[in-house]
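Structure data follow from protein_33.tsv (TSV, C-alpha atoms):
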chain	number	residue	atom	x	y	z
A	16	MET	CA	0.00	0.00	0.00
A	17	SER	CA	1.38	3.40	-0.91
A	18	ASP	CA	1.94	6.08	1.73
A	19	ASP	CA	-1.05	8.07	0.48
A	20	ALA	CA	-3.34	5.06	0.42
A	21	SER	CA	-2.11	4.02	3.82
A	22	ARG	CA	-2.76	7.44	5.29
A	23	GLY	CA	-6.15	7.50	3.65
A	24	ALA	CA	-7.00	4.28	5.40
A	25	ALA	CA	-6.45	6.05	8.72
A	26	HIS	CA	-9.80	7.72	8.25
A	27	HIS	CA	-11.47	4.32	8.43
A	28	VAL	CA	-9.93	3.49	11.78
A	29	ARG	CA	-12.25	4.30	14.64
A	30	SER	CA	-10.51	3.19	17.76
A	31	ILE	CA	-11.29	3.80	21.37
A	32	ALA	CA	-8.53	5.18	23.52
A	33	THR	CA	-8.52	3.21	26.74
A	34	SER	CA	-5.96	2.56	29.42
A	35	THR	CA	-5.28	-0.70	27.57
A	36	CYS	CA	-3.88	1.13	24.55
A	37	ASP	CA	-4.49	4.08	22.25
A	38	CYS	CA	-4.02	3.03	18.67
A	39	ASP	CA	-5.20	6.40	17.35
A	40	ALA	CA	-2.32	8.12	19.09
A	41	PHE	CA	0.05	5.41	17.88
A	42	VAL	CA	-1.12	5.77	14.27
A	43	ALA	CA	-0.97	9.56	14.52
A	44	ARG	CA	2.67	9.42	15.62
A	45	LEU	CA	3.31	7.23	12.57
A	46	GLY	CA	1.96	9.99	10.35
A	47	GLY	CA	-1.27	8.08	9.75
A	48	ASP	CA	0.38	4.97	8.35
A	49	VAL	CA	-2.17	2.34	9.43
A	50	THR	CA	-0.51	-0.44	7.47
A	51	LEU	CA	2.79	-0.07	9.28
A	52	ALA	CA	0.98	0.42	12.59
A	53	ARG	CA	-0.79	-2.92	12.10
A	54	GLU	CA	2.45	-4.65	11.17
A	55	MET	CA	4.08	-3.31	14.32
A	56	ALA	CA	1.07	-4.41	16.40
A	57	GLN	CA	1.39	-7.91	14.95
A	58	ALA	CA	5.12	-7.92	15.76
A	59	PHE	CA	4.34	-6.99	19.37
A	60	VAL	CA	1.70	-9.73	19.63
A	61	ALA	CA	4.20	-12.28	18.34
A	62	HIS	CA	6.96	-11.07	20.68
A	63	ALA	CA	4.86	-10.64	23.85
A	64	PRO	CA	5.02	-14.29	25.06
A	65	SER	CA	8.82	-14.26	25.13
A	66	LEU	CA	8.84	-10.90	26.96
A	67	LEU	CA	6.47	-12.23	29.62
A	68	GLY	CA	8.33	-15.54	29.81
A	69	ALA	CA	11.61	-13.73	30.48
A	70	LEU	CA	9.93	-11.73	33.25
A	71	ARG	CA	8.48	-14.83	34.89
A	72	ASP	CA	11.86	-16.60	34.74
A	73	ALA	CA	13.63	-13.57	36.20
A	74	VAL	CA	11.22	-13.30	39.12
A	75	ALA	CA	11.34	-17.05	39.73
A	76	GLY	CA	15.14	-16.86	39.82
A	77	GLY	CA	15.08	-13.95	42.27
A	78	ASP	CA	17.52	-12.02	40.05
A	79	ALA	CA	16.77	-8.32	40.54
A	80	ASP	CA	18.92	-7.24	37.57
A	81	ALA	CA	17.15	-9.70	35.28
A	82	VAL	CA	13.75	-8.54	36.60
A	83	LEU	CA	14.78	-4.94	35.97
A	84	ARG	CA	15.74	-5.70	32.36
A	85	ALA	CA	12.64	-7.80	31.68
A	86	ALA	CA	10.24	-5.26	33.21
A	87	HIS	CA	11.92	-2.44	31.30
A	88	ALA	CA	11.68	-4.40	28.04
A	89	ILE	CA	7.92	-4.83	28.54
A	90	LYS	CA	7.50	-1.17	29.46
A	91	GLY	CA	9.54	-0.06	26.43
A	92	ALA	CA	7.59	-2.27	24.03
A	93	ALA	CA	4.16	-1.35	25.47
A	94	VAL	CA	4.77	2.39	25.66
A	95	ASN	CA	4.77	2.63	21.84
A	96	PHE	CA	1.06	1.76	21.92
A	97	ASP	CA	0.22	4.11	24.79
A	98	ALA	CA	-0.58	1.04	26.87
A	99	VAL	CA	-1.03	2.93	30.13
A	100	ASP	CA	-1.97	-0.08	32.28
A	101	THR	CA	0.88	-2.34	31.18
A	102	VAL	CA	3.42	0.48	31.26
A	103	ALA	CA	2.39	1.59	34.77
A	104	VAL	CA	2.69	-1.86	36.37
A	105	ALA	CA	5.88	-2.72	34.50
A	106	ALA	CA	7.39	0.62	35.55
A	107	ARG	CA	6.51	-0.11	39.16
A	108	LEU	CA	8.19	-3.51	39.02
A	109	GLU	CA	11.18	-1.95	37.26
A	110	TYR	CA	11.50	0.59	40.09
A	111	MET	CA	11.26	-2.13	42.75
A	112	ALA	CA	13.89	-4.25	40.99
A	113	ARG	CA	16.20	-1.24	40.75
A	114	GLU	CA	15.85	-0.86	44.53
A	115	GLY	CA	16.60	-4.57	44.91
A	116	ASP	CA	13.16	-5.16	46.41
A	117	LEU	CA	11.43	-8.18	44.89
A	118	ALA	CA	8.84	-8.60	47.66
A	119	GLY	CA	5.49	-8.49	45.94
A	120	ALA	CA	7.09	-9.06	42.54
A	121	VAL	CA	5.04	-12.18	41.88
A	122	ALA	CA	1.79	-10.28	42.40
A	123	LEU	CA	3.00	-7.51	40.10
A	124	VAL	CA	3.91	-10.03	37.42
A	125	GLU	CA	0.34	-11.33	37.56
A	126	ARG	CA	-0.95	-7.79	37.10
A	127	ILE	CA	1.45	-7.24	34.19
A	128	GLU	CA	0.28	-10.49	32.61
A	129	ALA	CA	-3.34	-9.46	32.95
A	130	ALA	CA	-2.71	-5.99	31.50
A	131	ALA	CA	-0.54	-7.44	28.73
A	132	ALA	CA	-3.23	-9.99	27.86
A	133	GLN	CA	-5.70	-7.17	27.30
A	134	LEU	CA	-3.12	-5.25	25.30
A	135	VAL	CA	-2.36	-8.28	23.13
A	136	ALA	CA	-6.07	-8.85	22.54
A	137	ALA	CA	-6.55	-5.21	21.53
A	138	LEU	CA	-3.51	-5.19	19.26
A	139	ARG	CA	-4.46	-8.53	17.75
A	140	ALA	CA	-7.83	-7.03	16.85
A	141	PHE	CA	-6.14	-3.87	15.52
A	142	GLY	CA	-3.54	-5.87	13.60
A	143	GLY	CA	-6.35	-7.90	12.07
A	144	SER	CA	-7.92	-4.60	10.92
A	145	SER	CA	-10.69	-4.47	13.53
A	146	PRO	CA	-10.89	-1.26	15.54
A	147	CYS	CA	-8.33	-1.09	18.31
A	148	GLY	CA	-9.69	-1.63	21.80
A	149	SER	CA	-13.03	-2.97	20.61
B	52	MET	CA	23.70	6.22	4.06
B	53	ARG	CA	23.98	3.04	6.13
B	54	VAL	CA	22.36	3.22	9.58
B	55	LEU	CA	22.83	0.73	12.41
B	56	ILE	CA	19.69	0.00	14.44
B	57	ALA	CA	20.03	-1.96	17.68
B	58	ASP	CA	16.86	-2.57	19.67
B	59	ASP	CA	15.41	-5.66	21.36
B	60	ASP	CA	11.82	-4.51	20.68
B	61	ALA	CA	10.67	-6.55	17.68
B	62	ALA	CA	7.83	-4.14	16.78
B	63	LEU	CA	10.08	-1.11	16.88
B	64	ARG	CA	12.79	-2.87	14.88
B	65	HIS	CA	10.25	-3.59	12.17
B	66	GLY	CA	8.98	-0.01	12.17
B	67	LEU	CA	12.49	1.44	12.06
B	68	ARG	CA	13.57	-0.86	9.23
B	69	VAL	CA	10.54	0.01	7.09
B	70	GLN	CA	10.71	3.75	7.77
B	71	LEU	CA	14.46	4.10	7.29
B	72	GLU	CA	14.25	2.32	3.94
B	73	ARG	CA	11.42	4.63	2.91
B	74	TRP	CA	13.49	7.63	3.95
B	75	GLY	CA	16.35	6.51	1.72
B	76	TYR	CA	18.70	4.94	4.25
B	77	GLU	CA	20.20	1.44	4.36
B	78	PRO	CA	19.32	0.01	7.79
B	79	ILE	CA	21.47	-2.68	9.41
B	80	VAL	CA	19.23	-4.18	12.08
B	81	CYS	CA	20.42	-5.88	15.29
B	82	ALA	CA	18.32	-7.27	18.16
B	83	ASP	CA	21.02	-7.02	20.85
B	84	GLY	CA	24.13	-5.15	21.85
B	85	THR	CA	26.52	-7.99	21.08
B	86	SER	CA	25.64	-8.14	17.40
B	87	ALA	CA	25.64	-4.33	17.29
B	88	ARG	CA	29.22	-4.33	18.57
B	89	GLU	CA	30.19	-6.75	15.79
B	90	VAL	CA	28.80	-4.32	13.20
B	91	LEU	CA	30.63	-1.42	14.87
B	92	ASN	CA	33.90	-3.36	14.81
B	93	SER	CA	33.55	-4.29	11.15
B	94	PRO	CA	36.04	-2.72	8.70
B	95	ASP	CA	33.52	-0.13	7.46
B	96	PRO	CA	31.02	0.70	10.26
B	97	PRO	CA	27.90	2.75	9.42
B	98	PRO	CA	28.30	6.49	10.15
B	99	LEU	CA	24.89	6.79	11.85
B	100	VAL	CA	23.87	4.61	14.80
B	101	ILE	CA	20.52	4.28	16.59
B	102	LEU	CA	20.85	2.41	19.88
B	103	ASP	CA	18.36	1.29	22.48
B	104	TRP	CA	19.70	1.81	26.00
B	105	SER	CA	18.53	-1.46	27.59
B	106	MET	CA	18.94	-4.57	25.47
B	107	PRO	CA	20.52	-8.01	25.85
B	108	GLY	CA	24.29	-8.09	25.63
B	109	ASP	CA	25.98	-4.71	25.66
B	110	ASP	CA	23.63	-1.85	26.53
B	111	GLY	CA	23.43	1.27	24.40
B	112	VAL	CA	25.28	3.58	26.77
B	113	THR	CA	28.18	1.13	27.12
B	114	LEU	CA	28.41	0.95	23.32
B	115	CYS	CA	28.22	4.73	23.20
B	116	ARG	CA	31.19	5.10	25.56
B	117	GLU	CA	33.16	2.57	23.53
B	118	ILE	CA	32.41	4.46	20.34
B	119	ARG	CA	33.68	7.72	21.82
B	120	SER	CA	36.86	6.14	23.18
B	121	ASN	CA	37.75	4.42	19.89
B	122	PRO	CA	39.59	6.73	17.45
B	123	ASP	CA	38.18	4.78	14.50
B	124	LEU	CA	34.57	5.19	15.68
B	125	ARG	CA	34.44	8.44	17.65
B	126	SER	CA	33.09	10.47	14.73
B	127	LEU	CA	29.95	8.29	14.39
B	128	TYR	CA	26.64	10.06	15.05
B	129	VAL	CA	24.82	8.23	17.85
B	130	VAL	CA	21.12	8.45	18.67
B	131	LEU	CA	19.89	6.85	21.90
B	132	LEU	CA	16.30	5.72	21.52
B	133	THR	CA	15.01	4.61	24.90
B	134	ALA	CA	12.18	4.25	27.39
B	135	HIS	CA	14.50	5.62	30.10
B	136	ASP	CA	12.80	8.96	30.40
B	137	THR	CA	13.98	10.66	33.58
B	138	ARG	CA	16.12	13.79	33.60
B	139	ASP	CA	19.05	11.96	35.22
B	140	GLN	CA	18.91	9.18	32.67
B	141	MET	CA	18.88	11.67	29.82
B	142	VAL	CA	21.91	13.47	31.30
B	143	ALA	CA	23.68	10.12	31.77
B	144	GLY	CA	22.96	9.09	28.17
B	145	LEU	CA	24.20	12.35	26.68
B	146	SER	CA	27.21	12.38	29.03
B	147	GLY	CA	27.97	8.86	27.84
B	148	GLY	CA	28.53	10.29	24.38
B	149	ALA	CA	25.16	10.21	22.62
B	150	ASP	CA	24.58	13.03	20.14
B	151	GLU	CA	20.81	12.74	20.43
B	152	TYR	CA	18.49	11.34	23.10
B	153	ILE	CA	14.95	10.39	22.11
B	154	THR	CA	12.45	8.88	24.53
B	155	LYS	CA	9.70	6.38	23.70
B	156	PRO	CA	7.02	6.88	22.60
B	157	PHE	CA	8.21	9.28	19.94
B	158	ASP	CA	6.72	10.99	16.92
B	159	TRP	CA	8.11	9.42	13.74
B	160	GLY	CA	8.13	12.74	11.91
B	161	VAL	CA	10.34	14.21	14.61
B	162	LEU	CA	12.53	11.10	14.53
B	163	ARG	CA	12.93	11.48	10.76
B	164	ALA	CA	13.96	15.12	11.13
B	165	ARG	CA	16.50	14.27	13.83
B	166	ILE	CA	17.92	11.43	11.76
B	167	GLN	CA	18.26	13.85	8.84
B	168	THR	CA	20.22	16.17	11.10
B	169	GLY	CA	22.38	13.26	12.22
B	170	ALA	CA	22.96	12.11	8.63
B	171	ARG	CA	24.01	15.64	7.62
B	172	ILE	CA	26.46	15.90	10.51
B	173	ALA	CA	27.78	12.38	9.90
B	174	ALA	CA	28.36	13.19	6.21
B	175	LEU	CA	30.13	16.44	7.13
B	176	GLN	CA	32.24	14.56	9.64
B	177	GLN	CA	33.21	11.97	7.04
B	178	SER	CA	34.10	14.70	4.56
B	179	LEU	CA	36.12	16.55	7.20
B	180	GLU	CA	38.04	13.41	8.15
B	181	GLN	CA	38.85	12.70	4.51
B	182	ARG	CA	40.09	16.27	4.02
B	183	VAL	CA	42.20	16.11	7.19
B	184	GLN	CA	43.73	12.87	5.93
B	185	GLU	CA	44.57	14.47	2.57
B	186	LEU	CA	46.05	17.51	4.30
B	187	GLN	CA	48.10	15.28	6.59
B	188	GLN	CA	49.52	13.45	3.58
B	189	ALA	CA	50.38	16.79	1.93
B	190	LEU	CA	51.95	18.03	5.15
B	191	ASP	CA	54.05	14.89	5.42
B	192	ILE	CA	55.45	15.56	1.94
B	193	VAL	CA	56.14	19.21	2.75
B	194	LYS	CA	57.95	18.16	5.92
B	195	GLN	CA	60.08	15.74	3.93
B	196	LEU	CA	61.23	18.58	1.66
B	197	SER	CA	61.80	21.16	4.38
B	198	GLY	CA	65.09	21.86	6.13
B	199	LEU	CA	68.68	22.45	4.96
B	200	LEU	CA	69.72	20.24	2.03
B	201	PRO	CA	73.44	19.82	1.32
B	202	ILE	CA	73.82	20.18	-2.46
B	203	CYS	CA	76.91	20.04	-4.67
B	204	SER	CA	77.45	23.45	-6.28
B	205	TYR	CA	78.75	21.83	-9.47
B	206	CYS	CA	76.76	18.68	-10.23
B	207	LYS	CA	73.71	19.66	-8.10
B	208	ARG	CA	73.56	16.27	-6.40
B	209	ILE	CA	72.16	16.14	-2.89
B	210	ARG	CA	73.93	14.41	-0.03
B	211	LYS	CA	71.72	11.95	1.76
B	212	ASP	CA	71.45	11.94	5.54
B	213	ASP	CA	72.44	8.31	5.92
B	214	GLY	CA	76.01	8.50	4.71
B	215	ASP	CA	78.40	9.81	2.15
B	216	TYR	CA	76.11	9.17	-0.78
B	217	TRP	CA	75.19	11.81	-3.30
B	218	GLN	CA	71.91	11.52	-5.11
B	219	GLN	CA	70.75	13.10	-8.36
B	220	LEU	CA	68.44	16.07	-7.65
B	221	GLU	CA	65.53	14.66	-9.63
B	222	SER	CA	65.92	11.28	-8.00
B	223	TYR	CA	65.90	12.92	-4.56
B	224	LEU	CA	62.79	14.97	-5.31
B	225	SER	CA	60.94	11.98	-6.76
B	226	GLU	CA	61.74	10.02	-3.64
B	227	HIS	CA	60.56	12.75	-1.27
B	228	SER	CA	57.54	14.10	-3.11
B	229	GLU	CA	54.97	13.10	-5.69
B	230	ALA	CA	56.90	15.00	-8.43
B	231	GLU	CA	57.91	13.13	-11.58
B	232	PHE	CA	60.44	14.26	-14.20
B	233	SER	CA	60.65	14.09	-17.95
B	234	HIS	CA	64.14	14.77	-19.33
B	235	SER	CA	65.06	17.11	-22.20
B	236	VAL	CA	67.81	19.69	-23.00
B	237	CYS	CA	67.23	23.42	-22.60
B	238	PRO	CA	68.33	25.86	-25.35
B	239	ASP	CA	71.25	27.22	-23.27
B	240	CYS	CA	72.69	23.74	-22.82
B	241	PHE	CA	71.94	22.52	-26.31
B	242	ASP	CA	75.14	23.92	-27.96
B	243	ARG	CA	77.36	22.61	-25.15
B	244	ALA	CA	75.70	19.20	-25.38
B	245	LYS	CA	76.41	19.12	-29.14
B	246	ARG	CA	80.06	19.95	-28.52
B	247	ASP	CA	80.41	17.34	-25.80
B	248	LEU	CA	78.90	14.72	-28.08
B	249	GLY	CA	81.10	15.84	-31.03
B	250	LEU	CA	78.12	16.69	-33.22
Could you quickly redo this structure as structure tokens?
Amino acid sequence: MSDDASRGAAHHVRSIATSTCDCDAFVARLGGDVTLAREMAQAFVAHAPSLLGALRDAVAGGDADAVLRAAHAIKGAAVNFDAVDTVAVAARLEYMAREGDLAGAVALVERIEAAAAQLVAALRAFGGSSPCGS
Amino acid sequence: MRVLIADDDAALRHGLRVQLERWGYEPIVCADGTSAREVLNSPDPPPLVILDWSMPGDDGVTLCREIRSNPDLRSLYVVLLTAHDTRDQMVAGLSGGADEYITKPFDWGVLRARIQTGARIAALQQSLEQRVQELQQALDIVKQLSGLLPICSYCKRIRKDDGDYWQQLESYLSEHSEAEFSHSVCPDCFDRAKRDLGL
């Protein structure tokens, strides 16, 4: 799809900005390129299980540095989609890991997994051309 | 212009690859710091580098410091693209040697403009380095020909520094400069040359 056609398609996207994600804002930052936005959403969906797996392994191993890196990776990947919920919990775990405090990390991982599951579902719908967040 | 991208975020890597190609660059994409270092240590590293801060292997700031401490790499233009968004982190990234610090999420139009700036500076830097190299070569030749040369007043040979050996002037100049000689006989010498040769 050409740039013009791709940007034209942006007018057909009617997404709902939620705390799960805001695909409108994401597409707007991409200059209206819906095609590329969908490809990136699909890439995130494919990559999310390994991100979450690395976080679970890091917490299970009690390795604060590994938790820090894994939580930051999730935050960094989710922030592109304005995924407020996922970013907020991941940032909190990242902060705790930086302080060397992993008490409560397991509960936070569960919250990250829940937020990420909603994000993945929203991006899967968006990547499959359905409106984001619906 | 070739551009190194190193980021462990698969979605962002895809977006950067597609966009950079559209914008006329040649992206070299790495998913971790270790493979990025291999690209940087290759014989002809790309002049523009976009690094994530946190990624497996060597992190972006470590790579940045290495780039600045390596004479062969220090002129590269480095963009840190990161979710580390506090003031202290930004100061640390720029102090580590990054030319540009961009936090996620970012606007791709702004990124494009900043990469254009980086590409312009990287091209100028390359051009400057090439010119300095040419000037250094010229200066080396000038230095070779400077100083007091002992020359024979009669045959015009030059005595070499490394012993009692006298060298033809043209041979000496050819050896110490890029000058080349073609031999002929000037009008003033022509009659004498005829006499010497019995013509």
Pull the closest atom pair for each residue of chain B that gets at most 7 Å from chain A, along with the distance in Å to one decimal, counting all atoms listed in the file, ordering rows by chain and then ascending residue number, as a Markdown table.
| residue | atom | partner | partner_atom | distance |
| --- | --- | --- | --- | --- |
| B:Asp60 | CA | A:Ala92 | CA | 5.8 |
| B:Ala61 | CA | A:Ala58 | CA | 6.0 |
| B:Ala62 | CA | A:Met55 | CA | 4.6 |
| B:Leu63 | CA | A:Met55 | CA | 6.9 |
| B:His65 | CA | A:Met55 | CA | 6.5 |
| B:Gly66 | CA | A:Met55 | CA | 6.3 |
| B:Ser105 | CA | A:Arg84 | CA | 7.0 |
| B:Ala134 | CA | A:Gly91 | CA | 5.1 |
| B:Lys155 | CA | A:Asn95 | CA | 6.5 |
| B:Pro156 | CA | A:Asn95 | CA | 4.9 |
| B:Asp158 | CA | A:Arg44 | CA | 4.5 |
| B:Trp159 | CA | A:Leu45 | CA | 5.4 |
| B:Gly160 | CA | A:Gly46 | CA | 6.9 |
Can I get the selection written as a PDB file, in the coordinates of the input, with C-alpha atoms?
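Printed below is out.pdb as written:
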ATOM      1  CA  ASP B  60      11.820  -4.510  20.680  1.00  0.00           C
ATOM      2  CA  ALA B  61      10.670  -6.550  17.680  1.00  0.00           C
ATOM      3  CA  ALA B  62       7.830  -4.140  16.780  1.00  0.00           C
ATOM      4  CA  LEU B  63      10.080  -1.110  16.880  1.00  0.00           C
ATOM      5  CA  HIS B  65      10.250  -3.590  12.170  1.00  0.00           C
ATOM      6  CA  GLY B  66       8.980  -0.010  12.170  1.00  0.00           C
ATOM      7  CA  SER B 105      18.530  -1.460  27.590  1.00  0.00           C
ATOM      8  CA  ALA B 134      12.180   4.250  27.390  1.00  0.00           C
ATOM      9  CA  LYS B 155       9.700   6.380  23.700  1.00  0.00           C
ATOM     10  CA  PRO B 156       7.020   6.880  22.600  1.00  0.00           C
ATOM     11  CA  ASP B 158       6.720  10.990  16.920  1.00  0.00           C
ATOM     12  CA  TRP B 159       8.110   9.420  13.740  1.00  0.00           C
ATOM     13  CA  GLY B 160       8.130  12.740  11.910  1.00  0.00           C
TER      14      GLY B 160
END
Please provide the set of residues having any atom within 8 Å of Cys81 in chain B, restricted to all atoms listed in the file, with same-chain residues fewer than 2 positions apart removed, written as JSON, numbers by chain.
-> {"B": [55, 56, 57, 58, 59, 79, 83, 84, 86, 87]}
Would you export the selected residues with C-alpha atoms as a short mmCIF file (atom, residue, chain, number, x, y, z; two decimals), keeping the file's coordinate frame, please?
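Output below, filename again.cif:
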data_model
loop_
_atom_site.label_atom_id
_atom_site.label_comp_id
_atom_site.auth_asym_id
_atom_site.auth_seq_id
_atom_site.Cartn_x
_atom_site.Cartn_y
_atom_site.Cartn_z
CA LEU B 55 22.83 0.73 12.41
CA ILE B 56 19.69 0.00 14.44
CA ALA B 57 20.03 -1.96 17.68
CA ASP B 58 16.86 -2.57 19.67
CA ASP B 59 15.41 -5.66 21.36
CA ILE B 79 21.47 -2.68 9.41
CA ASP B 83 21.02 -7.02 20.85
CA GLY B 84 24.13 -5.15 21.85
CA SER B 86 25.64 -8.14 17.40
CA ALA B 87 25.64 -4.33 17.29
#
Please indicate the distance in Å from CA of Val54 in chain B to CA of Met141 in chain B, rounded to one decimal place.
->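 CA of Met141 in chain B lies at a distance of 22.2 Å from CA of Val54 in chain B.
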Between CA of Tyr152 in chain B and CA of Ser65 in chain A, distance in Å (one decimal) = 27.4 Å
From B:Thr113, B:Thr154, B:Ser197, B:Ser120, residue lying nearest Thr137 in chain B [all atoms listed in the file] |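 Of B:Thr113, B:Thr154, B:Ser197, B:Ser120, the one nearest Thr137 in chain B, counting all atoms listed in the file, is B:Thr154.
Separating CA of Val104 in chain A from CA of Ala82 in chain B is a distance of 24.6 Å.
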Name the closest residue to Leu99 in chain B among the candidates B:Leu71, B:Ala143, B:Leu220, B:Cys240; distances are taken between atoms, counting all atoms listed in the file.
->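 Result for the nearest residue to Leu99 in chain B: B:Leu71.
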Near range 71-78 of chain A, counting only C-alpha atoms, which residues have an atom at most 7 Å away, once you skip same-chain residues fewer than 3 positions from it, shown as JSON, numbers by chain?
-> {"A": [67, 68, 81, 82, 120, 121]}
Please identify all polymer residues within 10 Å of Glu231 in chain B, counting all atoms listed in the file, omitting same-chain residues fewer than 4 positions from it, and present them as number ranges by chain.
-> B: 221-222, 224-226
Could you name the residues that touch range 198-205 of chain B at 9 Å or less, counting only C-alpha atoms, but leaving out those on the same chain fewer than 5 positions away, as an NGL selection string?
-> :B and (210-211 or 217 or 220)
Proximity to Trp74 in chain B - best of B:Leu102, B:Ile192, B:Val129, B:Ala164, only C-alpha atoms |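 Result for the nearest residue to Trp74 in chain B: B:Ala164.
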In terms of the shortest atom-to-atom distance over all atoms listed in the file, which of A:Ala69, A:Gly47, A:Ala103, A:Asp39 is closest to Ile127 in chain A?
-> A:Ala103
